[in-house]
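Read the structure below first, then the notes.
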Amino acid sequence: MGLRIIKTIGSGVGLALLAPASLHAEWGFNLTPGVTDVSRSVYDLHMTIFWICVAIALAVFGVMFWSIFHHRKSRGAKAHHFHENTLVEVIWTLVPVLILVGMAVPATATLIKMYDFSEAELDVQITGYQWKWRYDYLDHELSFFSNLSTPREQITNVAEKQENYLLEVDRHLVLPVDTKIRFLLTANDVIHSWWVPALAVKKDAIPGFINEAWTIINEPGIYRGQCAELCGQDHGFMPIVVEAVSRDEFDAWLLTARAEEEAQAQAAERSWTLDELMQQGEQVYLQACAACHLPNGEGVPGAFPALKGSPMVLGDVAAHIDIVLNGKAGTAMQAFRDQLGSVQLAAVITYERNAWGNSLGEAVSPAQIARLLQSADGEGEQ
Amino acid sequence: MSLHAANRKLVMRLAFGCVLMFGFGFALVPLYDVFCEVTGLNGKITNTGPIAASEADTSREIRVRLIAVHNEEMPWQFGPQQGLILTHPGEMKQTAFMATNPTGRRMVGQAIPSVAPAEAARYLHKVNCFCFEQQTLQPGESVEMPLLFVVDKNLPEHIRSLTLSYTLFDISPEVSSTGRGEKEQSL
Amino acid sequence: MSTLDTTLETHSDEHHGPARGLGRWLFTTNHKDIGSMYLWFSLLMFLVGGSMALMIRAELFQPGLQLVEPGFFNQMTTLHGLIMVFGAVMPAFVGLANWMVPMMIGAPDMALPRMNNWSFWILPFAFAMLLSTLFMTGGAPNFGWTFYAPLSTTYAPPSVTYFIFAIHMMGISSIMGAINIIATILNMRTPGMTMMKLPLFCWTWLITAFLLIAVMPVLAGVVTMMLMDIHFGTSFFDAGGGGDPVLFQHLFWFFGHPEVYIMILPAFGIISQIIPAFARKRLFGYASMVYATASIAILSFLVWAHHMFTVGIPLAGELFFMYATMLIAVPTGVKVFNWVATMFRGSMTFETPMLFALAFVVLFTIGGFSGLMLAIAPVDFQYHDTYFVVAHFHYVLVPGAVFSIMAGVYYWLPKWTGHMLNERMGRLHFWLSFIGVNITFFPMHFIGLAGMPRRIPDYALQFADFNMIASVGAFLFGLSQLIFVWNVIACVRGGRKAEARAWEGAEGLEWEVPSPAPYHTFAEPPKLPESVR
């Protein structure tokens, strides 16, 4: 361990000094130039300002270190007694102003470009939730949630971490290249922020308000990002994955995605065994519920109630269904009716009623939940 | 002037200053309304209510996108009748949002509008909007909530697309606890 | 700290030595005692806040969740920030002001000595309340030191109410302290000391005091609005009731930006005292230094939204805040040039205070450069809420403000204690701190640029190496501070006897009185010596 530390520090310092700038991005030193025209402008602006700062630093510290070396008492230096020089002071006030104006011009141009929200071909609504994103392809009637898909065992150091640790999700935001895409951002609960470095898009998602951002992606590929505003416990666990594909592939994907949603709806109609529901339910539970209620169902006293041995879970199934579907006002318990499909809802409720020794032996069927979700005039109970 | 009298005078002046600042704080309520009207800041203001009819400017087509968002505690089904409306500046448009209360209890909701881009907000006149009132729905009840709007002719040239979003908030507990009468939504 | 009784004549019964026992400290109105209490308190808070930082860095040593839960991690980041800002840096500067300002202007004490006592004693209670939230149900505040709504209102743990009360108390302490400083400096200068002869430490503190009075009430207003939203059904920051979460940010940062200048202007003052002393040369451009400080203070009111570039501000607003923020670089640069010009053609020696002062100039300037980069709004979209920002503010606050406080402590310890510091131990502390601070915070620039967000307890694998380096640096820096504690205590207890003018090139009225300074100094206003500027 100690040797690893020394090697890491040594190589870090060495690389910092030796590796050329273009390598740095891969080694995690520098901003990415990204895959859009805007991200490239931003990168160029960043490097320009950086080199200007380096130049000024060399000049100022150069004089300072020279002075530290030469003007020291131990070398016999005698103090000169000047403490004013109006000309010099004017110069070193005006020159920085001119440098700043020089920086401000390209910065202004890039910012104006970033604020041009017109003429988008595709609108995607992005909603931040605690702790996942929801994507709505407006005009295409497709919407889904995107959750972190890194297995818990990797996070708790039981399993080895894989390549895209903490930057992988169950459903990518698929987007077409060479198309102007407008993002409409909002949030469901607290302020989140949607950020994909390769696109140079970062915009806050604010509950009750709508924000706009746009991009035109030049190259197909997978681009990963993270939530960039503290939003509670799992702020670090709600990544973003954009998958940019050609326009034809995008159109094809849209059809497949919608077909899959259809298939999900139909799956709800068939009959499921208790074991099938338990298996599915455990997965849903770990992904959607365990963050608060814990994998062992014991919850966090004072914050999130225990489900193991809970009177709510062991009691009337209608009340249990109601709280999972509709949440509980005034608490952190969300309404999951929009976030999970009928199969998943039925499975997780079944799981909760039968796991950790809760063994009620009864199942809730997906068809039953599907009907509840559809009913416009039915009572909320069974 | 004796020291005592001088101190008294100072104290009186300071106390008067306190009263003045306190009053200023109160006066800020109407003052803010005036400030927002004059500057047009914040976008969520006075461009509501009836508007003088005028001819539509058919040379410009404006795309108005309508979005529904639920706040997390809001289990209602809520969505626009039409997600995208093509209109012209000056033209009166009518549409609606649908809402359903699928739970087993009576609930009250409040829709909060937001417009993007922010600078377009003052050019979107909501003549009649369900967001003006709280909406009460009985268990299982559904409702169609009308929206009448006009895009102002003075909308800047470079804006060709607007998004109007409504976020639905559950305000049931507050309404019942303070006893504020909820207004029945009118069709 | 100095328990020697006065050698001055006693004209009235005011001139007795200090009282005995605990009562002395509870009821003292003496600026030296109160200054000492502030400094010891701030040192304690620095160690507490530092331990929290070490917990954070320990968790971030490797990817994965090893030591703490994400919820507790958020509590640590929040409390670390609050304690360092309000409990370590600000009280330390107030402590230095209390000790030195009256002596520097030839005044016998602060203008309002009883209020001074109360300003201090509020703080232990405020921080006891804040730290006790760790033991409450739901845990301590976990919404970041910037406590944005609605995370800090609707979604906050029950302890948020105690957090709000603690902030109120700290604010009252700061406001009263600021009033005291202004009243003292404006009214109690010795005859002949015009404003443009004030030592720069007094000038920077005078300006800081005005900033405090202007913005602490805004902070009090914001947290009161939070309290209303949480407990009394208002909707200032809740869109559901017609309010706006972004309003919170505007109000908070209107306080928050001047606040960071409150934390650095006194540092500028300290450095402006120390460099001339050890270069044996008067400060270059005294008048410009005063005007630059005032410009920085005024500009600091106009830039708050540069913390909010991603919130959805209209274009005109973004441009204004970008330009105004870039402009602050000008007076700040002028100050740096003036310090270098003071060194230039001086006759420098490098005792411990000077080492810290020189490190301040270099490292604070580096922090200033990253600040300039952050000011560029379009690029800030990539930097905002990443470790690049964390690197920036830690550079200006740790090798910035904290180093200047240590420089000031080492510089004035002989005056307070009558003993010279053990220079070898001072140098050891300096070099370990200097190396530690850079190993900790320099890599954060890289991981921020590479895409690591702030306030996360676990991270993707490409950030692992630099996080490990930063954590090693943090432990090095943290443990080195124990040397500082040792140095201070050792200097209190003994050491080579200090002269009145403990450092050869030091100038100012404080160096005219004996070391250690008598309990009461300047009962009669002194005549300004020729050399005092």
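Just remember, in the structure tokens the first chain shown is A, the second B, etc., residues are 1-based per chain, and ligands are 1-based in the order shown.
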(message) Show me, as a PyMOL selection string, every residue of chain B with an atom at most 6 Å from chain A, counting only C-alpha atoms.
(response) chain B and resi 71-73+75+102-104+114+140+167
Exercise answer, chain C residues close to chain B, 8 Å and only C-alpha atoms, as a PDB file with C-alpha atoms, in the first residue's frame:
```pdb
ATOM      1  CA  GLY C 233     -46.163  27.651   5.968  1.00  0.00           C
ATOM      2  CA  ALA C 239     -42.497  26.964  -6.227  1.00  0.00           C
ATOM      3  CA  GLY C 240     -45.718  25.276  -5.112  1.00  0.00           C
ATOM      4  CA  GLY C 242     -45.509  30.821  -5.852  1.00  0.00           C
ATOM      5  CA  PRO C 314     -30.681  35.450 -18.956  1.00  0.00           C
TER       6      PRO C 314
END
```
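Our summary of the geometry notes that atom CA of Ala341 of chain C is positioned 6.1 Å from atom CA of Phe284 of chain C.
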(message) Could you list, as a VMD selection string, every residue within 10 Å of His70 of chain A, counting only C-alpha atoms and ignoring same-chain residues fewer than 4 positions away?
(response) (chain A and resid 64 to 66 74 to 77) or (chain C and resid 344 to 348)
(message) Between A:Asn157, A:Thr215, A:Ser193, A:Asn147, which residue has the minimum interatomic distance to Cys231 of chain A, considering only C-alpha atoms?
(response) A:Ser193
(request) Write out as a VMD selection string which residues come within 6 Å of segment 33-41 of chain C when counting only C-alpha atoms, dropping same-chain ones fewer than 4 positions away. (result) chain C and resid 91 to 92 95 98 to 99
(request) Mind the document's chain letters and residue numbers, and return as a ChimeraX atom specification the residues of segment 313-388 of chain C that DSSP labels alpha helix (DSSP H). (result) /C:315-327,329-343,352-375,377-383,387-388
(message) So that I can see what lies close to Ser246 of chain A, please list as a PyMOL selection string the residues with an atom at most 9 Å from it, counting only C-alpha atoms and leaving out residues fewer than 6 positions away in the same chain.
(response) chain A and resi 175-178+219-220
Residue selection dump (N, CA and C atoms) as a short mmCIF file (atom, residue, chain, number, x, y, z; two decimals), in the first residue's frame:
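In the end it all went to selection.cif:
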```
data_model
loop_
_atom_site.label_atom_id
_atom_site.label_comp_id
_atom_site.auth_asym_id
_atom_site.auth_seq_id
_atom_site.Cartn_x
_atom_site.Cartn_y
_atom_site.Cartn_z
N LEU A 175 -29.66 9.64 -28.57
CA LEU A 175 -29.88 10.89 -29.31
C LEU A 175 -29.28 10.78 -30.70
N PRO A 176 -29.87 11.47 -31.68
CA PRO A 176 -29.30 11.43 -33.03
C PRO A 176 -28.19 12.46 -33.18
N VAL A 177 -27.16 12.14 -33.97
CA VAL A 177 -26.09 13.12 -34.24
C VAL A 177 -26.57 14.13 -35.28
N ASP A 178 -25.81 15.20 -35.40
CA ASP A 178 -26.06 16.24 -36.41
C ASP A 178 -27.48 16.78 -36.37
N GLU A 219 -20.32 13.59 -33.27
CA GLU A 219 -19.80 12.23 -33.45
C GLU A 219 -20.62 11.22 -32.68
N PRO A 220 -20.90 10.07 -33.28
CA PRO A 220 -21.58 9.02 -32.52
C PRO A 220 -20.66 8.52 -31.40
#
```
(request) Considering only C-alpha atoms, return as number ranges by chain whatever protein or nucleic-acid residues lie within 12 Å of segment 363-366 of chain A, sequence-local ones (same chain, fewer than 3 positions apart) excluded. (result) A: 264-278, 280-281, 317-318, 320-321, 340-355, 359-360, 369-373, 382
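What separates atom CA of Phe388 of chain C from atom CA of Gly371 of chain C is a distance of 9.7 Å.
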(request) Using DSSP on the backbone coordinates, identify the residues of segment 127-308 of chain A assigned to strand (DSSP E or B); present them as a ChimeraX atom specification. (result) /A:127-129,132-137,142-146,148,169,173-176,180-187,192-196,201-205,207,211-216,221-227,240-245,300,304
